[in-house]
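First up is the structure itself, then whatever we jot down about it.
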Amino acid sequence: MTESSFFASVGGHETFVRLVDTFYAGVADDEVLRPMYPEADLGPAKERLVLFLEQYWGGPTTYSDTRGHPRLRMRHAPYKVNPDARDRWLTHMRAAVGALGLSPLHESTLLDYLERAAHSLLNTFED
């Protein structure tokens, strides 16, 4: 992790925890997305997403150290990720990013990645 990483530039661990907490607050009440999280407690899912995003953006490698390669498409394959699920995910994530108060450049960089990632995880067009 270098001090010039995106991770460090946006505030490090605390920023990613706030992002994920705000995101999952929306997911918790979403009738389409919430069933994709079989655990009653969203805490483990939050932790996994924080670790993944931190690593992706230049922070600690704890995600790969503990879980191996991210394999995002494989990990999401059991769930029906259709355009509605993708759009709901993006709605909650855009709201969470907006709540961080990042600089316009950091916000657009983060949103660009999240939007591309969401589109890449589509695995069906069925309702």
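Residues are named by chain letter and number: chains run A, B, ... in the order of the structure tokens, numbers start at 1 in each chain, and ligands are numbered from 1 in the order shown.
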Q | Residue contacts of Asp127 (chain A) (10 Å, only C-alpha atoms) excluding same-chain residues fewer than 5 positions away, as a ChimeraX atom specification | A | /A:80-85
Q: Assign secondary structure with DSSP using the backbone only, and return the residues of chain A in alpha helix (DSSP H) as an MDAnalysis selection string.
A: chainID A and resid 6:9 13:28 43:56 62:67 72:76 83:99 104:120
**Q.** Residue with smallest distance to Leu90 (chain A) - pool A:Ser4, A:His76, A:Arg48, A:Leu33, counting only C-alpha atoms
**A.** A:Leu33
(Q) Excluding Asp30 (chain A) and its own-chain neighbours fewer than 6 positions away, which residues fall within 10 Å of it when counting only C-alpha atoms? Please give them as a VMD selection string. (A) chain A and resid 24 85 88 to 89 92
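For the atom pair formed by CA of Leu19 (chain A) and CA of Leu100 (chain A), the distance is 6.8 Å, given to one decimal.
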**Q.** Shell around Tyr79 (chain A) at 12 Å using only C-alpha atoms, local window under 6 positions removed, as a list in words
**A.**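 Non-adjacent residues within range: Val32, Leu33, Arg34, Pro35, Met36, Tyr37, Pro38, Leu72, Arg73, Ala85, Arg86, Leu121, Leu122, Asn123, Thr124 and Glu126 of chain A.
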Selected residues, N, CA and C atoms, written as an mmCIF file, in the first residue's frame, please.
data_model
loop_
_atom_site.group_PDB
_atom_site.id
_atom_site.type_symbol
_atom_site.label_atom_id
_atom_site.label_comp_id
_atom_site.auth_asym_id
_atom_site.auth_seq_id
_atom_site.Cartn_x
_atom_site.Cartn_y
_atom_site.Cartn_z
ATOM 1 N N VAL A 32 -35.526 -7.361 -3.603
ATOM 2 C CA VAL A 32 -34.858 -8.161 -4.640
ATOM 3 C C VAL A 32 -33.450 -8.558 -4.199
ATOM 4 N N LEU A 33 -32.721 -7.612 -3.639
ATOM 5 C CA LEU A 33 -31.328 -7.885 -3.285
ATOM 6 C C LEU A 33 -31.151 -8.626 -1.962
ATOM 7 N N ARG A 34 -31.958 -8.320 -0.968
ATOM 8 C CA ARG A 34 -31.752 -8.919 0.361
ATOM 9 C C ARG A 34 -31.760 -10.446 0.333
ATOM 10 N N PRO A 35 -32.648 -11.081 -0.453
ATOM 11 C CA PRO A 35 -32.623 -12.552 -0.487
ATOM 12 C C PRO A 35 -31.334 -13.144 -1.070
ATOM 13 N N MET A 36 -30.527 -12.346 -1.734
ATOM 14 C CA MET A 36 -29.257 -12.849 -2.276
ATOM 15 C C MET A 36 -28.207 -13.028 -1.185
ATOM 16 N N TYR A 37 -28.511 -12.572 0.000
ATOM 17 C CA TYR A 37 -27.603 -12.691 1.144
ATOM 18 C C TYR A 37 -28.224 -13.667 2.128
ATOM 19 N N PRO A 38 -27.851 -14.946 2.045
ATOM 20 C CA PRO A 38 -28.517 -15.975 2.854
ATOM 21 C C PRO A 38 -28.283 -15.847 4.358
ATOM 22 N N LEU A 72 -15.099 -12.843 -9.049
ATOM 23 C CA LEU A 72 -16.403 -12.201 -8.851
ATOM 24 C C LEU A 72 -17.531 -12.890 -9.607
ATOM 25 N N ARG A 73 -17.313 -13.211 -10.885
ATOM 26 C CA ARG A 73 -18.403 -13.839 -11.648
ATOM 27 C C ARG A 73 -18.766 -15.190 -11.042
ATOM 28 N N ALA A 85 -31.843 -6.443 -10.748
ATOM 29 C CA ALA A 85 -30.936 -6.589 -9.603
ATOM 30 C C ALA A 85 -29.719 -5.685 -9.768
ATOM 31 N N ARG A 86 -29.169 -5.645 -10.976
ATOM 32 C CA ARG A 86 -28.025 -4.771 -11.237
ATOM 33 C C ARG A 86 -28.371 -3.312 -10.958
ATOM 34 N N LEU A 121 -21.386 -8.414 -14.003
ATOM 35 C CA LEU A 121 -21.925 -9.533 -13.219
ATOM 36 C C LEU A 121 -23.309 -9.987 -13.675
ATOM 37 N N LEU A 122 -23.876 -9.325 -14.663
ATOM 38 C CA LEU A 122 -25.160 -9.792 -15.210
ATOM 39 C C LEU A 122 -24.994 -11.242 -15.655
ATOM 40 N N ASN A 123 -25.937 -12.095 -15.254
ATOM 41 C CA ASN A 123 -25.850 -13.494 -15.684
ATOM 42 C C ASN A 123 -27.176 -14.023 -16.229
ATOM 43 N N THR A 124 -28.193 -13.177 -16.289
ATOM 44 C CA THR A 124 -29.468 -13.569 -16.891
ATOM 45 C C THR A 124 -30.256 -12.316 -17.249
ATOM 46 N N GLU A 126 -33.651 -12.935 -17.439
ATOM 47 C CA GLU A 126 -34.956 -13.396 -16.981
ATOM 48 C C GLU A 126 -35.373 -12.624 -15.733
#
Q | Among the residues A:Asp65, A:Asp112, A:Glu31, A:Glu107, the one that comes closest to Leu51 (chain A) [using only C-alpha atoms] | A | A:Asp65
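Closest approach to Ala96 (chain A) from the set A:Phe23, A:Trp57, A:Phe125, A:Tyr63 is made by A:Phe23, with distances taken over only C-alpha atoms.
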**Q.** Residue neighbourhood Lys46 (chain A), 8 Å, only C-alpha atoms, exclusion window fewer than 3 positions, as a PyMOL selection string
**A.** chain A and resi 20-21+24+42-43+49-50
Limited to all heavy atoms, could you put the picked residues into a file as a PDB file, in the first residue's frame?
ATOM      1  N   VAL A  20     -19.553   0.911   2.543  1.00  0.00           N
ATOM      2  CA  VAL A  20     -20.206  -0.397   2.617  1.00  0.00           C
ATOM      3  C   VAL A  20     -21.363  -0.378   3.620  1.00  0.00           C
ATOM      4  O   VAL A  20     -22.423  -0.949   3.353  1.00  0.00           O
ATOM      5  CB  VAL A  20     -19.164  -1.494   2.928  1.00  0.00           C
ATOM      6  CG1 VAL A  20     -19.819  -2.816   3.249  1.00  0.00           C
ATOM      7  CG2 VAL A  20     -18.205  -1.632   1.736  1.00  0.00           C
ATOM      8  N   ASP A  21     -21.201   0.289   4.746  1.00  0.00           N
ATOM      9  CA  ASP A  21     -22.305   0.379   5.715  1.00  0.00           C
ATOM     10  C   ASP A  21     -23.512   1.077   5.099  1.00  0.00           C
ATOM     11  O   ASP A  21     -24.652   0.624   5.264  1.00  0.00           O
ATOM     12  CB  ASP A  21     -21.863   1.130   6.974  1.00  0.00           C
ATOM     13  CG  ASP A  21     -21.020   0.288   7.911  1.00  0.00           C
ATOM     14  OD1 ASP A  21     -20.939  -0.944   7.721  1.00  0.00           O
ATOM     15  OD2 ASP A  21     -20.436   0.881   8.843  1.00  0.00           O
ATOM     16  N   TYR A  24     -25.137  -1.260   2.397  1.00  0.00           N
ATOM     17  CA  TYR A  24     -25.919  -2.367   2.956  1.00  0.00           C
ATOM     18  C   TYR A  24     -27.152  -1.905   3.719  1.00  0.00           C
ATOM     19  O   TYR A  24     -28.104  -2.670   3.864  1.00  0.00           O
ATOM     20  CB  TYR A  24     -25.048  -3.301   3.799  1.00  0.00           C
ATOM     21  CG  TYR A  24     -24.348  -4.313   2.929  1.00  0.00           C
ATOM     22  CD1 TYR A  24     -22.990  -4.229   2.677  1.00  0.00           C
ATOM     23  CD2 TYR A  24     -25.055  -5.343   2.318  1.00  0.00           C
ATOM     24  CE1 TYR A  24     -22.356  -5.143   1.859  1.00  0.00           C
ATOM     25  CE2 TYR A  24     -24.427  -6.261   1.496  1.00  0.00           C
ATOM     26  CZ  TYR A  24     -23.081  -6.161   1.272  1.00  0.00           C
ATOM     27  OH  TYR A  24     -22.458  -7.065   0.449  1.00  0.00           O
ATOM     28  N   LEU A  42     -25.984  -9.299   7.954  1.00  0.00           N
ATOM     29  CA  LEU A  42     -25.234  -8.812   6.795  1.00  0.00           C
ATOM     30  C   LEU A  42     -23.770  -8.500   7.126  1.00  0.00           C
ATOM     31  O   LEU A  42     -22.991  -8.169   6.237  1.00  0.00           O
ATOM     32  CB  LEU A  42     -25.911  -7.571   6.212  1.00  0.00           C
ATOM     33  CG  LEU A  42     -27.219  -7.826   5.473  1.00  0.00           C
ATOM     34  CD1 LEU A  42     -27.905  -6.504   5.124  1.00  0.00           C
ATOM     35  CD2 LEU A  42     -26.994  -8.654   4.228  1.00  0.00           C
ATOM     36  N   GLY A  43     -23.396  -8.625   8.380  1.00  0.00           N
ATOM     37  CA  GLY A  43     -22.027  -8.318   8.805  1.00  0.00           C
ATOM     38  C   GLY A  43     -20.941  -9.027   8.015  1.00  0.00           C
ATOM     39  O   GLY A  43     -19.991  -8.380   7.559  1.00  0.00           O
ATOM     40  N   LEU A  49     -16.987  -7.282   1.428  1.00  0.00           N
ATOM     41  CA  LEU A  49     -16.972  -6.195   0.456  1.00  0.00           C
ATOM     42  C   LEU A  49     -15.947  -5.126   0.828  1.00  0.00           C
ATOM     43  O   LEU A  49     -15.231  -4.617  -0.043  1.00  0.00           O
ATOM     44  CB  LEU A  49     -18.367  -5.585   0.292  1.00  0.00           C
ATOM     45  CG  LEU A  49     -18.502  -4.487  -0.772  1.00  0.00           C
ATOM     46  CD1 LEU A  49     -18.032  -4.983  -2.147  1.00  0.00           C
ATOM     47  CD2 LEU A  49     -19.944  -4.005  -0.840  1.00  0.00           C
ATOM     48  N   VAL A  50     -15.849  -4.795   2.103  1.00  0.00           N
ATOM     49  CA  VAL A  50     -14.827  -3.832   2.531  1.00  0.00           C
ATOM     50  C   VAL A  50     -13.444  -4.349   2.150  1.00  0.00           C
ATOM     51  O   VAL A  50     -12.641  -3.625   1.542  1.00  0.00           O
ATOM     52  CB  VAL A  50     -14.905  -3.555   4.049  1.00  0.00           C
ATOM     53  CG1 VAL A  50     -13.654  -2.822   4.539  1.00  0.00           C
ATOM     54  CG2 VAL A  50     -16.141  -2.751   4.395  1.00  0.00           C
TER      55      VAL A  50
END
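For the choices A:Asp87, A:Thr66, A:Asp29, A:Tyr56, the atom-to-atom distance to Leu110 (chain A) is smallest for A:Tyr56 when using only C-alpha atoms.
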(Q) Which residue is closest to Val10 (chain A)? Choose from A:Glu54, A:Pro44, A:His69, A:Pro78 and count only C-alpha atoms. (A)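 Using only C-alpha atoms, Val10 (chain A) sits closest to A:Glu54.
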Q | From A:Ala95, A:Ser5, A:Gly12, A:Phe52, residue lying nearest Arg71 (chain A) [only C-alpha atoms] | A |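 Under the stated criterion, the closest residue is A:Phe52.
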